[in-house]
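Engineer: File input.txt follows (compact mmCIF, C-alpha atoms):
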```
# COMPACT_ATOMS: atom_id res chain seq x y z
CA MET A 148 -20.70 0.12 23.54
CA LEU A 149 -22.38 1.25 20.33
CA GLY A 150 -24.64 3.74 22.15
CA ASP A 151 -23.19 6.80 20.42
CA LEU A 152 -23.13 5.31 16.94
CA THR A 153 -26.37 6.80 15.59
CA ALA A 154 -25.50 10.36 16.62
CA GLN A 155 -21.91 10.07 15.45
CA VAL A 156 -22.78 8.78 11.99
CA ASN A 157 -25.95 10.72 11.31
CA GLY A 158 -24.24 13.93 12.46
CA ASP A 159 -21.51 13.51 9.87
CA ALA A 160 -22.97 14.68 6.58
CA ALA A 161 -19.92 13.61 4.53
CA LEU A 162 -20.07 10.09 5.96
CA VAL A 163 -23.80 9.78 5.35
CA ARG A 164 -23.29 10.95 1.79
CA ARG A 165 -20.51 8.41 1.31
CA GLY A 166 -22.98 5.73 2.33
CA ARG A 167 -25.90 7.03 0.30
CA PHE A 168 -26.27 3.71 -1.55
CA VAL A 169 -25.98 1.59 1.59
CA ASP A 170 -29.14 -0.14 2.84
CA VAL A 171 -28.21 -3.03 5.07
CA THR A 172 -28.41 -4.61 8.51
CA PHE A 173 -25.11 -5.84 9.86
CA LEU A 174 -24.03 -7.39 13.12
CA VAL A 175 -21.22 -6.20 15.35
CA GLY A 176 -19.94 -8.85 17.76
CA ILE A 177 -18.11 -7.47 20.79
CA GLY A 178 -16.95 -10.47 22.78
CA GLN A 179 -20.13 -12.23 23.88
CA GLU A 180 -22.31 -9.20 23.06
CA SER A 181 -24.08 -8.72 19.73
CA TRP A 182 -25.45 -5.56 18.21
CA LEU A 183 -27.52 -5.18 15.06
CA VAL A 184 -27.02 -1.98 13.09
CA SER A 185 -29.55 -1.03 10.41
CA VAL A 186 -28.54 1.48 7.75
CA ASP A 187 -30.88 3.33 5.41
CA HIS A 188 -29.23 5.34 2.63
CA GLY A 189 -26.17 5.86 4.81
CA ARG A 190 -28.12 6.97 7.89
CA ILE A 191 -28.18 4.72 10.94
CA GLU A 192 -31.81 3.74 11.38
CA ALA A 193 -31.50 1.50 14.44
CA VAL A 194 -28.86 0.10 16.76
CA THR A 195 -30.18 -2.83 18.81
CA LYS A 196 -28.35 -4.73 21.50
CA GLY A 197 -28.78 -8.52 21.71
CA PRO A 198 -29.15 -11.21 22.72
CA PHE A 199 -31.27 -12.09 19.70
CA VAL A 200 -33.34 -15.21 19.13
CA MET A 201 -33.45 -15.19 15.31
CA PRO A 202 -31.30 -12.28 14.11
CA ARG A 203 -31.14 -11.45 10.39
CA TRP A 204 -28.09 -9.71 9.06
CA THR A 205 -26.13 -9.49 5.83
CA PHE A 206 -22.63 -9.54 7.27
CA ALA A 207 -21.06 -9.66 10.71
CA LEU A 208 -17.90 -8.10 12.14
CA ARG A 209 -16.78 -9.84 15.33
CA ALA A 210 -13.84 -9.16 17.65
CA GLY A 211 -13.04 -9.44 21.32
CA VAL A 212 -13.92 -6.72 23.85
CA ASP A 213 -10.29 -5.69 24.39
CA ASP A 214 -9.59 -5.60 20.67
CA TRP A 215 -12.54 -3.28 20.02
CA ARG A 216 -11.51 -1.09 22.97
CA LYS A 217 -8.02 -0.72 21.52
CA PHE A 218 -9.52 -0.05 18.08
CA TRP A 219 -11.67 2.73 19.58
CA ALA A 220 -8.82 4.29 21.57
CA ALA A 221 -8.34 7.98 20.75
CA GLU A 222 -4.84 7.16 19.52
CA PRO A 223 -4.90 3.49 18.58
CA GLU A 224 -1.64 1.60 18.69
CA PRO A 225 -0.27 -0.06 15.54
CA GLY A 226 -2.30 -3.14 14.60
CA PHE A 227 -5.49 -1.73 16.13
CA HIS A 228 -5.92 1.40 13.99
CA ASP A 229 -8.01 -0.03 11.14
CA LEU A 230 -10.55 -2.82 10.54
CA PHE A 231 -8.12 -4.46 8.11
CA ALA A 232 -5.32 -4.21 10.68
CA LEU A 233 -7.55 -6.22 13.02
CA ILE A 234 -8.32 -8.69 10.22
CA ARG A 235 -4.62 -9.01 9.35
CA HIS A 236 -3.80 -9.97 12.94
CA LYS A 237 -6.77 -12.36 13.12
CA ARG A 238 -8.49 -10.25 15.77
CA LEU A 239 -11.55 -9.45 13.66
CA THR A 240 -13.59 -11.80 11.51
CA ALA A 241 -15.78 -10.55 8.69
CA GLU A 242 -18.36 -13.14 7.71
CA GLY A 243 -21.59 -13.50 5.71
CA ASP A 244 -22.31 -11.78 2.41
CA LEU A 245 -19.48 -9.23 2.30
CA HIS A 246 -20.45 -7.58 -0.98
CA THR A 247 -21.97 -4.47 0.60
CA PHE A 248 -19.10 -4.23 3.09
CA MET A 249 -16.37 -4.52 0.46
CA SER A 250 -18.16 -2.21 -1.99
CA ASN A 251 -18.37 0.50 0.67
CA LEU A 252 -15.21 0.02 2.69
CA PHE A 253 -14.59 3.72 3.28
CA TYR A 254 -18.13 4.05 4.63
CA PHE A 255 -17.94 1.12 7.03
CA LYS A 256 -14.44 2.08 8.19
CA GLY A 257 -15.89 5.54 8.84
CA VAL A 258 -18.92 4.17 10.70
CA LEU A 259 -16.93 1.95 13.07
CA GLY A 260 -14.15 4.54 13.33
CA SER A 261 -16.66 7.24 14.36
CA LEU A 262 -16.58 5.84 17.91
CA ARG A 263 -12.84 6.45 18.20
CA GLY A 264 -12.15 8.18 21.52
CA ARG A 265 -15.78 7.76 22.62
CA VAL A 266 -15.83 4.26 24.08
CA GLY A 267 -14.62 4.18 27.70
CA MET B 586 7.18 33.11 -14.92
CA ALA B 587 5.85 29.57 -14.73
CA ASP B 588 6.31 27.90 -11.33
CA TYR B 589 7.67 24.57 -12.58
CA GLU B 590 8.88 21.82 -10.29
CA PRO B 591 12.31 20.33 -11.07
CA ILE B 592 10.72 17.04 -12.22
CA ILE B 593 10.86 16.28 -15.95
CA GLY B 594 8.75 13.45 -17.41
CA ARG B 595 9.31 11.64 -20.73
CA TYR B 596 8.21 8.46 -22.47
CA LEU B 597 10.84 5.80 -23.03
CA ARG B 598 10.45 3.21 -25.80
CA LEU B 599 11.41 -0.20 -24.47
CA GLU B 600 11.00 -3.81 -25.43
CA LEU B 601 9.72 -5.75 -22.39
CA GLU B 602 8.72 -9.41 -22.43
CA GLY B 603 9.14 -9.37 -26.20
CA LYS B 604 6.69 -6.53 -26.74
CA PRO B 605 7.16 -2.83 -27.44
CA HIS B 606 6.23 -0.58 -24.52
CA ARG B 607 6.05 3.12 -23.81
CA VAL B 608 7.30 3.56 -20.26
CA TYR B 609 6.76 6.85 -18.49
CA VAL B 610 9.91 8.04 -16.72
CA GLU B 611 10.37 11.08 -14.49
CA GLU B 612 13.64 12.45 -13.24
CA ALA B 613 15.12 15.30 -11.25
CA GLY B 614 18.54 16.22 -9.91
CA GLN B 615 22.10 15.32 -10.80
CA GLY B 616 24.64 12.87 -9.45
CA VAL B 617 24.38 9.27 -8.31
CA PRO B 618 21.47 7.61 -10.12
CA LEU B 619 18.67 6.63 -7.73
CA ILE B 620 15.84 4.59 -9.27
CA CYS B 621 12.58 4.78 -7.31
CA LEU B 622 9.91 2.07 -7.53
CA HIS B 623 6.27 2.68 -6.62
CA THR B 624 3.98 0.40 -4.61
CA ALA B 625 1.47 -2.11 -5.99
CA GLY B 626 -1.42 -0.53 -7.85
CA ALA B 627 0.06 2.99 -7.74
CA ASP B 628 2.56 4.99 -9.79
CA SER B 629 5.64 7.21 -9.71
CA ARG B 630 3.76 10.24 -8.37
CA GLN B 631 4.37 8.72 -4.94
CA TRP B 632 7.94 10.05 -5.09
CA ARG B 633 6.96 13.69 -5.50
CA GLY B 634 8.37 14.75 -2.11
CA LEU B 635 11.78 13.19 -2.67
CA MET B 636 11.98 14.53 -6.22
CA ASN B 637 11.36 18.07 -5.02
CA ASP B 638 13.91 18.02 -2.20
CA PRO B 639 16.84 20.36 -3.06
CA GLN B 640 19.28 18.57 -0.76
CA VAL B 641 18.63 15.18 -2.39
CA LEU B 642 18.70 16.64 -5.90
CA GLU B 643 22.14 18.14 -5.30
CA ARG B 644 23.73 14.71 -5.00
CA PHE B 645 21.33 12.31 -6.74
CA ARG B 646 19.79 11.93 -10.16
CA VAL B 647 16.41 10.64 -8.98
CA ILE B 648 14.52 8.56 -11.54
CA ALA B 649 11.03 7.17 -11.07
CA PHE B 650 9.09 5.24 -13.70
CA ASP B 651 5.62 3.79 -13.94
CA LEU B 652 5.64 0.04 -14.40
CA PRO B 653 3.69 -1.11 -17.48
CA TRP B 654 -0.08 -1.08 -16.72
CA HIS B 655 0.50 1.69 -14.12
CA GLY B 656 0.19 5.47 -14.22
CA LYS B 657 1.10 6.77 -17.67
CA SER B 658 2.71 3.51 -18.85
CA SER B 659 -0.11 1.87 -20.79
CA PRO B 660 -0.26 -1.91 -21.06
CA PRO B 661 1.27 -3.31 -24.27
CA ALA B 662 -0.90 -3.62 -27.39
CA GLY B 663 -3.13 -6.67 -27.16
CA TRP B 664 -3.61 -6.26 -23.40
CA ARG B 665 -7.31 -7.05 -23.56
CA GLU B 666 -6.49 -10.54 -24.76
CA VAL B 667 -4.51 -11.15 -21.57
CA GLU B 668 -6.74 -13.20 -19.31
CA GLU B 669 -5.36 -11.68 -16.14
CA TYR B 670 -2.53 -9.23 -15.49
CA ARG B 671 0.03 -10.76 -13.14
CA LEU B 672 3.36 -9.27 -12.14
CA THR B 673 6.16 -11.83 -11.84
CA SER B 674 9.59 -11.50 -10.24
CA ARG B 675 11.19 -12.14 -13.63
CA ALA B 676 9.27 -9.44 -15.50
CA TYR B 677 9.75 -6.98 -12.65
CA VAL B 678 13.54 -7.43 -12.44
CA ASP B 679 13.80 -7.31 -16.24
CA ALA B 680 11.80 -4.06 -16.43
CA ILE B 681 14.03 -2.33 -13.87
CA VAL B 682 17.23 -3.52 -15.54
CA ALA B 683 15.86 -2.50 -18.96
CA VAL B 684 15.25 1.05 -17.72
CA ALA B 685 18.71 1.20 -16.10
CA ASP B 686 20.30 -0.08 -19.33
CA ALA B 687 18.35 2.27 -21.60
CA LEU B 688 19.37 5.24 -19.47
CA GLU B 689 22.95 3.90 -19.28
CA LEU B 690 22.97 4.25 -15.51
CA ASP B 691 26.24 3.38 -13.77
CA ARG B 692 25.50 1.08 -10.82
CA PRO B 693 22.33 2.92 -9.80
CA VAL B 694 20.90 2.78 -6.31
CA ALA B 695 17.46 1.11 -6.40
CA MET B 696 14.88 2.18 -3.84
CA GLY B 697 11.40 0.67 -3.79
CA CYS B 698 8.42 0.53 -1.49
CA SER B 699 6.26 -2.52 -0.72
CA ILE B 700 6.42 -4.60 -3.92
CA GLY B 701 9.28 -2.26 -4.79
CA GLY B 702 10.86 -2.98 -1.40
CA ARG B 703 10.62 -6.69 -2.12
CA ILE B 704 12.00 -6.52 -5.66
CA VAL B 705 15.09 -4.58 -4.59
CA LEU B 706 15.97 -7.63 -2.46
CA HIS B 707 15.74 -9.71 -5.66
CA LEU B 708 18.01 -7.15 -7.36
CA ALA B 709 20.57 -7.36 -4.56
CA LEU B 710 20.48 -11.15 -4.81
CA GLU B 711 20.49 -11.55 -8.59
CA ARG B 712 22.23 -8.42 -9.90
CA PRO B 713 24.75 -7.13 -7.33
CA ASP B 714 26.96 -6.34 -10.31
CA ARG B 715 24.39 -3.97 -11.81
CA PHE B 716 23.16 -2.05 -8.73
CA GLY B 717 25.30 0.02 -6.38
CA ALA B 718 23.04 -0.39 -3.36
CA VAL B 719 19.38 -1.06 -2.61
CA ILE B 720 16.99 0.64 -0.21
CA GLY B 721 13.87 -1.34 0.68
CA LEU B 722 10.94 0.53 2.20
CA GLN B 723 8.29 -1.65 3.82
CA ALA B 724 10.36 -4.59 2.66
CA GLY B 725 9.85 -8.13 3.88
CA ALA B 726 10.59 -11.54 2.46
CA HIS B 727 6.95 -12.64 2.15
CA VAL B 728 3.38 -11.67 3.06
CA ASP B 729 0.68 -14.24 3.67
CA PRO B 730 -2.67 -13.36 2.12
CA TYR B 731 -4.97 -12.03 4.83
CA TYR B 732 -8.02 -11.13 2.76
CA ASP B 733 -9.65 -12.42 -0.41
CA THR B 734 -8.05 -10.45 -3.26
CA GLN B 735 -10.89 -11.45 -5.63
CA TRP B 736 -12.73 -8.41 -4.27
CA LEU B 737 -10.17 -6.14 -5.91
CA HIS B 738 -11.21 -6.98 -9.45
CA ARG B 739 -14.81 -7.73 -10.27
CA PRO B 740 -17.15 -5.59 -12.32
CA ASP B 741 -19.79 -5.30 -9.58
CA VAL B 742 -17.40 -3.65 -7.11
CA HIS B 743 -15.81 -0.31 -7.98
CA GLY B 744 -12.10 -1.07 -8.32
CA GLY B 745 -10.86 2.36 -7.35
CA GLU B 746 -13.03 2.49 -4.25
CA VAL B 747 -12.19 -1.00 -3.04
CA CYS B 748 -8.44 -0.84 -3.73
CA ALA B 749 -8.12 2.50 -1.92
CA GLY B 750 -10.47 1.26 0.81
CA VAL B 751 -8.34 -1.81 1.43
CA VAL B 752 -5.07 0.13 1.68
CA SER B 753 -6.40 3.20 3.51
CA GLY B 754 -5.59 1.79 6.94
CA LEU B 755 -2.01 1.14 5.92
CA ILE B 756 -1.39 4.87 6.19
CA GLY B 757 -0.27 6.05 9.64
CA PRO B 758 -3.07 7.70 11.65
CA LYS B 759 -1.27 11.03 11.90
CA ALA B 760 -0.55 11.53 8.21
CA ALA B 761 -1.64 14.95 6.95
CA ASP B 762 -5.00 14.79 5.23
CA ALA B 763 -3.66 16.13 1.91
CA ASP B 764 -0.90 13.51 1.80
CA ARG B 765 -3.23 10.69 2.89
CA TRP B 766 -5.84 11.41 0.26
CA GLU B 767 -3.37 12.02 -2.53
CA THR B 768 -1.83 8.62 -1.76
CA LEU B 769 -5.29 7.07 -1.90
CA TRP B 770 -6.17 8.91 -5.10
CA HIS B 771 -3.33 7.08 -6.87
CA TYR B 772 -5.01 3.82 -5.83
CA MET B 773 -8.39 5.07 -6.96
CA GLN B 774 -6.90 5.70 -10.42
CA GLY B 775 -5.42 2.24 -10.92
CA GLY B 776 -6.61 0.17 -13.88
CA PRO B 777 -8.93 -2.81 -13.35
CA GLY B 778 -7.08 -5.78 -11.86
CA VAL B 779 -3.70 -4.07 -11.73
CA PHE B 780 -3.39 -3.87 -7.94
CA LYS B 781 -4.55 -7.47 -7.71
CA GLY B 782 -2.02 -8.51 -10.36
CA ASP B 783 0.79 -6.80 -8.46
CA LEU B 784 -0.24 -8.65 -5.32
CA TYR B 785 0.41 -11.90 -7.19
CA PHE B 786 4.08 -10.91 -7.05
CA TYR B 787 3.79 -9.66 -3.46
CA LYS B 788 2.01 -12.67 -1.98
CA VAL B 789 2.93 -15.56 -4.27
CA ASP B 790 5.64 -15.27 -6.92
CA GLY B 791 8.02 -12.89 -5.15
CA ASP B 792 8.51 -15.00 -2.01
CA ILE B 793 12.22 -14.69 -1.20
CA ARG B 794 12.24 -16.24 2.28
CA GLY B 795 14.65 -19.04 1.47
CA GLU B 796 17.22 -16.82 -0.24
CA LEU B 797 17.80 -13.73 1.87
CA GLN B 798 20.90 -15.15 3.53
CA ARG B 799 22.54 -15.45 0.08
CA ILE B 800 22.53 -11.67 -0.41
CA ASP B 801 26.10 -10.35 -0.25
CA THR B 802 25.97 -6.82 1.16
CA ALA B 803 29.70 -6.40 0.49
CA ARG B 804 28.80 -6.44 -3.20
CA CYS B 805 25.47 -4.64 -2.93
CA PRO B 806 24.68 -2.85 0.36
CA VAL B 807 21.10 -3.26 1.64
CA HIS B 808 19.22 -0.67 3.72
CA LEU B 809 15.71 -1.32 5.06
CA LEU B 810 13.29 1.28 6.44
CA SER B 811 9.75 0.48 7.59
CA GLY B 812 6.90 2.46 9.14
CA GLU B 813 5.49 1.15 12.40
CA TYR B 814 1.80 1.35 11.42
CA ASP B 815 2.20 -0.95 8.41
CA TYR B 816 0.28 -4.18 8.91
CA SER B 817 1.00 -5.47 5.41
CA CYS B 818 4.76 -5.57 5.84
CA THR B 819 4.99 -5.22 9.62
CA PRO B 820 8.08 -3.83 11.38
CA GLN B 821 8.67 -7.38 12.60
CA ASP B 822 8.67 -8.66 9.00
CA THR B 823 11.36 -6.10 8.16
CA LEU B 824 13.39 -6.87 11.29
CA ASP B 825 13.22 -10.58 10.42
CA ALA B 826 14.45 -9.86 6.89
CA ALA B 827 17.26 -7.63 8.19
CA ALA B 828 18.35 -10.33 10.63
CA ARG B 829 18.82 -12.69 7.71
CA ILE B 830 20.68 -10.26 5.45
CA LYS B 831 24.10 -10.02 7.06
CA GLY B 832 25.44 -6.47 7.00
CA SER B 833 22.10 -4.79 6.22
CA SER B 834 20.94 -1.67 8.07
CA VAL B 835 17.41 -1.30 9.40
CA THR B 836 15.32 1.66 10.57
CA ILE B 837 11.80 1.52 12.01
CA MET B 838 9.98 4.81 11.44
CA PRO B 839 7.58 5.75 14.28
CA GLY B 840 4.12 7.06 13.38
CA ILE B 841 4.49 6.17 9.69
CA GLY B 842 2.63 3.48 7.71
CA HIS B 843 3.10 1.65 4.42
CA PHE B 844 3.68 4.67 2.13
CA PRO B 845 6.43 6.72 3.83
CA MET B 846 7.43 8.75 0.76
CA SER B 847 3.89 9.89 -0.04
CA GLU B 848 1.99 9.79 3.28
CA ALA B 849 4.70 11.61 5.28
CA PRO B 850 7.28 12.93 2.80
CA GLU B 851 9.13 15.20 5.23
CA ALA B 852 9.29 12.80 8.16
CA PHE B 853 10.43 10.06 5.76
CA LEU B 854 13.23 12.24 4.41
CA GLU B 855 14.61 12.72 7.91
CA HIS B 856 14.97 8.92 8.18
CA LEU B 857 16.29 8.58 4.64
CA ARG B 858 19.00 11.27 4.74
CA PRO B 859 21.45 9.29 6.92
CA VAL B 860 20.92 6.27 4.67
CA LEU B 861 21.66 8.32 1.55
CA ALA B 862 24.75 9.76 3.26
CA GLN B 863 25.89 6.20 3.99
CA VAL B 864 25.28 5.21 0.35
CA LEU B 865 27.40 8.15 -0.83
CA SER B 866 30.23 7.48 1.61
CA VAL B 867 30.53 3.84 0.54
CA ARG B 868 30.41 4.84 -3.11
CA GLY B 869 33.20 7.35 -2.58
```
Translate this file's structure into structure tokens.
Structural biologist:
Amino acid sequence: MLGDLTAQVNGDAALVRRGRFVDVTFLVGIGQESWLVSVDHGRIEAVTKGPFVMPRWTFALRAGVDDWRKFWAAEPEPGFHDLFALIRHKRLTAEGDLHTFMSNLFYFKGVLGSLRGRVG
Amino acid sequence: MADYEPIIGRYLRLELEGKPHRVYVEEAGQGVPLICLHTAGADSRQWRGLMNDPQVLERFRVIAFDLPWHGKSSPPAGWREVEEYRLTSRAYVDAIVAVADALELDRPVAMGCSIGGRIVLHLALERPDRFGAVIGLQAGAHVDPYYDTQWLHRPDVHGGEVCAGVVSGLIGPKAADADRWETLWHYMQGGPGVFKGDLYFYKVDGDIRGELQRIDTARCPVHLLSGEYDYSCTPQDTLDAAARIKGSSVTIMPGIGHFPMSEAPEAFLEHLRPVLAQVLSVRG
């Protein structure tokens, strides 16, 4: 489901600039699936689909398949329109060392939001 | 000829919590006094749309002030010795009443959003004699914490970025870009720890769940309006509050989020006008 992420983020100069101090690998959990996303100075360096044997990541964002689908809808319904909306309704968990995530919220909201309308 | 807006701003000298303060107050229009209260971590600029609306200004004297620590109202002298800024229900009610008293307002209407929407319920409960009506935007009786607010105030995370980043999703997805980013700019300009300190009122001290049914709307009418995309005070939270305040009116605003007056000023006004008309008709 994260197939388009690299092109979407790296093609958005303003988003890459917003993340210019971000160097991190984070995990996106989509139901039973896991994806590792590596970021280098705001550019997506690699997006790798699991399963993984010994994954290393700084923080993880996990939600169910349907919840992510609704989040990525072109016009998301209330409660599914923002990462914090998902957190508020206990549909998304953010775990691990959240310092980079919280310090760069606009960037990570932009990265995950870049797939809006692109996930069938 | 200078293209001035009708809004005039002045500093008001007030004693609050036993200390001298300079409180920044803006006003526009003439008629029934309407005090407007900003959200947590923001300031009175949020009311710009309302305070520039000719129809509203014909009938209302609209007054918006920055709470101490917010906008142009600096904290009192000695603020750096305060271990942590925390807004309490008591201080909040007292500040609003102090402004109303200083301006000699006759039974003003109090309208607030978010923390302001909560405190107007306290006003209706505690001071129905002093306020002619209250309008609560994004008003609910209580909000459970859903994220760790420690992130909002620590020197190794930029406060402006994180506070605006946290609230950005509370704005409805269709808000105009200019309105969205101006609303967020106010959050980016907040002082260190101020948004977090306001949330102490919102999530802890200002809990009014057990007392809503005691509000007497015959003495102080209550009107609630909430945007459907708000996940801080959800439409359900507002509907629950309205169900417990006998005689209150409630409006859910489609497409709008947590900051109706600043994220969608024109759409908000269309929902507010009938409420203001109702306020005027009751007042006579």
Engineer: Write down, as number ranges by chain, each residue of chain A that has any atom within 12 Å of an atom of chain B, counting all atoms listed in the file.
Structural biologist: A: 165, 218, 220-242, 245-257, 260, 263
Engineer: What gap, in Å, lies between CA of Leu597 in chain B and CA of Val694 in chain B?
Structural biologist: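 CA of Val694 in chain B lies at a distance of 19.7 Å from CA of Leu597 in chain B.
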Engineer: Would you compute an axis-aligned box for range 209-227 of chain A, covering every atom listed for it in the file with 6 Å of margin on each side, and report centre and edge lengths in Å to one decimal as lines of an AutoDock Vina configuration file?
Structural biologist:
```
center_x = -8.5
center_y = -0.9
center_z = 19.5
size_x = 28.5
size_y = 29.8
size_z = 21.8
```
Engineer: Got a sec: who's within 10 Å of Gln863 in chain B, counting only C-alpha atoms, leaving out chain neighbours fewer than 6 positions off, as a ChimeraX atom specification?
Structural biologist: /B:806,808,857,869
Engineer: Near Val163 in chain A, counting all atoms listed in the file, which residues have an atom at most 10 Å away, once you skip same-chain residues fewer than 2 positions from it, shown as a list in words?
Structural biologist: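 Non-adjacent residues within range: Val156, Asn157, Gly158, Asp159, Ala160, Ala161, Arg165, Gly166, Arg167, Phe168, Val169, Val186, Asp187, His188, Gly189, Arg190, Ile191, Tyr254, Gly257 and Val258 of chain A.
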Engineer: Would you compute the distance between CA of Ala826 in chain B and CA of Leu797 in chain B? Give it in Å to one decimal.
Structural biologist: 7.2 Å
Engineer: Neighbouring residues of Val864 in chain B were defined as those with any atom within 12 Å, considering only C-alpha atoms; residues of the same chain fewer than 6 positions away were excluded. Please report them as a ChimeraX atom specification.
Structural biologist: /B:617-619,644-645,692-696,716-720,805-808,834,857-858
Engineer: Between CA of Arg829 in chain B and CA of Ile648 in chain B, what is the distance, to one decimal in Å?
Structural biologist: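 Interatomic distance, CA of Arg829 in chain B to CA of Ile648 in chain B: 29.0 Å.
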Engineer: Kindly indicate which residue among B:Val641, B:Arg715, B:Phe786, B:Gly634 lies nearest to Pro859 in chain B, using all atoms listed in the file for the distances.
Structural biologist: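 Ranking B:Val641, B:Arg715, B:Phe786, B:Gly634 by distance to Pro859 in chain B, first place goes to B:Val641.
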Engineer: Name all residues at most 9 Å from Ser658 in chain B (count all atoms listed in the file; drop same-chain ones fewer than 6 positions away) and give them as a VMD selection string.
Structural biologist: chain B and resid 596 606 to 610 650 to 652
Engineer: Counting only C-alpha atoms, which of A:Arg203, A:Arg265, A:Lys217, A:Lys196 gets nearest to Gln179 in chain A?
Structural biologist: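 Closest to Gln179 in chain A of all the choices is A:Lys196.
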Engineer: For a quick check of your reading of the model, name the residues lying within 9 Å of the coordinate (-23.0, 4.6, 20.1), counting all atoms listed in the file, and write them as a PyMOL selection string.
Structural biologist: chain A and resi 148-155+194+261-262+265-266
Engineer: For a cutoff of 9 Å around the file-coordinate point (-20.4, -7.7, 15.3), which residues qualify once you count all atoms listed in the file? I'd like the result as a list in words.
Structural biologist: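 Within 9 Å of (-20.4, -7.7, 15.3), the protein and nucleic acid residues are Phe173, Leu174, Val175, Gly176, Ile177, Gly178, Glu180, Ser181, Trp182, Leu183, Phe206, Ala207, Leu208, Arg209, Ala210, Thr240 and Ala241 of chain A.
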